[in-house]
$ cat start-v8.tsv   # TSV, C-alpha atoms
chain	number	residue	atom	x	y	z
X	1	MET	CA	0.00	0.00	0.00
X	2	ALA	CA	1.41	3.40	-0.98
X	3	GLN	CA	1.91	5.84	1.85
X	4	SER	CA	1.57	9.61	1.97
X	5	ALA	CA	3.09	12.12	4.35
X	6	MET	CA	0.84	14.41	6.33
X	7	THR	CA	1.84	17.57	8.17
X	8	ILE	CA	-0.22	18.96	11.03
X	9	ARG	CA	0.29	21.86	13.39
X	10	MET	CA	-0.53	21.75	17.08
X	11	ASP	CA	0.37	23.38	20.34
X	12	SER	CA	3.91	22.38	21.39
X	13	GLN	CA	2.91	21.51	24.95
X	14	ILE	CA	0.03	19.31	23.78
X	15	LYS	CA	2.39	17.54	21.35
X	16	LYS	CA	4.88	16.83	24.15
X	17	GLN	CA	2.10	15.43	26.33
X	18	PHE	CA	0.73	13.35	23.46
X	19	ASP	CA	4.21	12.00	22.57
X	20	LYS	CA	4.77	11.03	26.20
X	21	LEU	CA	1.42	9.25	26.43
X	22	CYS	CA	2.01	7.40	23.18
X	23	GLN	CA	5.38	6.26	24.51
X	24	GLN	CA	3.67	5.00	27.69
X	25	PHE	CA	1.21	3.11	25.48
X	26	GLY	CA	4.17	1.51	23.71
X	27	MET	CA	3.61	3.14	20.35
X	28	SER	CA	4.84	6.06	18.32
X	29	THR	CA	2.85	9.21	17.79
X	30	ASN	CA	2.63	8.25	14.11
X	31	THR	CA	1.08	4.87	15.03
X	32	ALA	CA	-1.46	6.53	17.35
X	33	ILE	CA	-2.54	8.97	14.65
X	34	ASN	CA	-2.82	6.14	12.11
X	35	ILE	CA	-5.01	4.19	14.55
X	36	PHE	CA	-7.26	7.25	14.94
X	37	VAL	CA	-7.51	7.83	11.18
X	38	ASN	CA	-8.24	4.16	10.47
X	39	GLN	CA	-10.97	4.10	13.12
X	40	VAL	CA	-12.60	7.22	11.66
X	41	VAL	CA	-12.57	5.71	8.16
X	42	ARG	CA	-13.78	2.31	9.37
X	43	SER	CA	-16.65	3.65	11.48
X	44	ARG	CA	-17.31	6.71	9.30
X	45	ALA	CA	-17.52	8.71	12.55
X	46	ILE	CA	-15.29	10.53	15.00
X	47	PRO	CA	-14.77	8.10	17.92
X	48	PHE	CA	-15.72	10.67	20.56
X	49	ILE	CA	-18.40	13.30	21.00
X	50	ILE	CA	-17.71	16.77	19.66
X	51	THR	CA	-19.92	19.55	20.96
X	52	SER	CA	-20.21	23.27	20.45
X	53	LYS	CA	-22.13	26.20	21.82
X	54	ASP	CA	-24.75	25.46	19.16
X	55	ASP	CA	-25.69	22.50	21.36
X	56	GLU	CA	-26.80	25.01	23.98
X	57	LYS	CA	-29.00	26.72	21.39
X	58	GLU	CA	-30.46	23.36	20.39
X	59	GLU	CA	-31.22	22.56	24.04
X	60	ILE	CA	-32.97	25.92	24.45
X	61	ARG	CA	-34.96	25.27	21.25
X	62	LYS	CA	-36.02	21.84	22.54
X	63	LYS	CA	-37.12	23.32	25.88
X	64	GLY	CA	-39.06	26.02	24.04
X	65	LEU	CA	-40.86	23.43	21.93
X	66	GLN	CA	-41.66	21.37	25.02
X	67	ALA	CA	-43.13	24.45	26.70
X	68	PHE	CA	-45.14	25.24	23.57
X	69	TYR	CA	-46.61	21.72	23.40
X	70	GLN	CA	-47.36	21.77	27.13
X	71	ILE	CA	-49.25	25.06	26.81
X	72	ARG	CA	-51.11	23.73	23.77
X	73	LYS	CA	-52.09	20.60	25.73
X	74	GLU	CA	-53.29	22.69	28.71
X	75	MET	CA	-55.34	24.93	26.43
X	76	GLU	CA	-57.03	21.90	24.85
X	77	GLU	CA	-57.73	20.37	28.26
X	78	ASN	CA	-59.27	23.65	29.51
X	79	ASN	CA	-61.20	24.26	26.26
X	80	ASP	CA	-59.47	27.64	25.95
X	81	GLU	CA	-59.86	29.68	22.80
X	82	GLU	CA	-57.29	29.35	20.10
X	83	ILE	CA	-54.96	32.31	19.81
X	84	SER	CA	-54.13	33.84	16.47
X	85	LEU	CA	-50.71	33.92	14.84
X	86	SER	CA	-50.53	37.68	15.34
X	87	GLU	CA	-51.22	37.19	19.08
X	88	ILE	CA	-48.47	34.57	19.25
X	89	ASN	CA	-46.03	36.87	17.45
X	90	LYS	CA	-46.95	39.71	19.81
X	91	GLU	CA	-46.19	37.45	22.82
X	92	ILE	CA	-42.84	36.44	21.29
X	93	LYS	CA	-41.94	40.07	20.65
X	94	LEU	CA	-42.81	41.00	24.23
X	95	SER	CA	-40.79	38.11	25.66
X	96	ARG	CA	-37.74	39.17	23.66
X	97	GLN	CA	-37.97	42.66	25.16
X	98	GLU	CA	-38.03	41.40	28.75
X	99	PRO	CA	-34.77	41.75	30.66
X	100	LYS	CA	-32.96	38.46	31.26

$ encode --input "start-v8.tsv" --output "structure tokens"
Amino acid sequence: MAQSAMTIRMDSQIKKQFDKLCQQFGMSTNTAINIFVNQVVRSRAIPFIITSKDDEKEEIRKKGLQAFYQIRKEMEENNDEEISLSEINKEIKLSRQEPK
């Protein structure tokens, strides 16, 4: 199998720590990186969870939807009147103006 060289840049302190750990594992840094790359290709996924601040936004969105469905359920149970889209938009606008 033909091989290709790959150059990466990383923080010097992290590299030293990684090199030391690889040595403790009984392998070279090159071997460890090859294991990682092969696992990613084999599983077609990163073998650990990667998150970002967008996850926080997604969690807020989910909570908002849950609240919406709960209110809708309560309104149906109490036979409350339906509210119009303009009334909903007005409530959203007011909630955005409230201090947090």

$ atom_distance --input "start-v8.tsv" --atom1 "CA of Asp54 (chain X)" --atom2 "CA of Val37 (chain X)"
25.9 Å

$ atom_distance --input "start-v8.tsv" --atom1 "CA of Asn34 (chain X)" --atom2 "CA of Ser4 (chain X)"
11.6 Å

$ closest_residue --input "start-v8.tsv" --among "X:Ala67, X:Ile33, X:Val40, X:Met6" --to "Asp19 (chain X)" --atoms "only C-alpha atoms"
X:Ile33

$ residues_around --input "start-v8.tsv" --residues "region 83-94 of chain X" --least-positions-apart "4" --cutoff "12 Å" --atoms "all atoms listed in the file" --output "list in words"
Gly64, Phe68, Ile71, Arg72, Met75, Glu76, Glu98 and Pro99 of chain X

$ write_last_selection --input "start-v8.tsv" --atoms "C-alpha atoms" --output "PDB file, keeping the file's coordinate frame"
ATOM      1  CA  GLY X  64     -39.060  26.020  24.040  1.00  0.00           C
ATOM      2  CA  PHE X  68     -45.140  25.240  23.570  1.00  0.00           C
ATOM      3  CA  ILE X  71     -49.250  25.060  26.810  1.00  0.00           C
ATOM      4  CA  ARG X  72     -51.110  23.730  23.770  1.00  0.00           C
ATOM      5  CA  MET X  75     -55.340  24.930  26.430  1.00  0.00           C
ATOM      6  CA  GLU X  76     -57.030  21.900  24.850  1.00  0.00           C
ATOM      7  CA  GLU X  98     -38.030  41.400  28.750  1.00  0.00           C
ATOM      8  CA  PRO X  99     -34.770  41.750  30.660  1.00  0.00           C
TER       9      PRO X  99
END

$ closest_residue --input "start-v8.tsv" --among "X:Ser43, X:Ala2, X:Lys73, X:Thr29" --to "Lys15 (chain X)" --atoms "all atoms listed in the file"
X:Thr29

$ atom_distance --input "start-v8.tsv" --atom1 "CA of Thr7 (chain X)" --atom2 "CA of Asn30 (chain X)"
11.1 Å
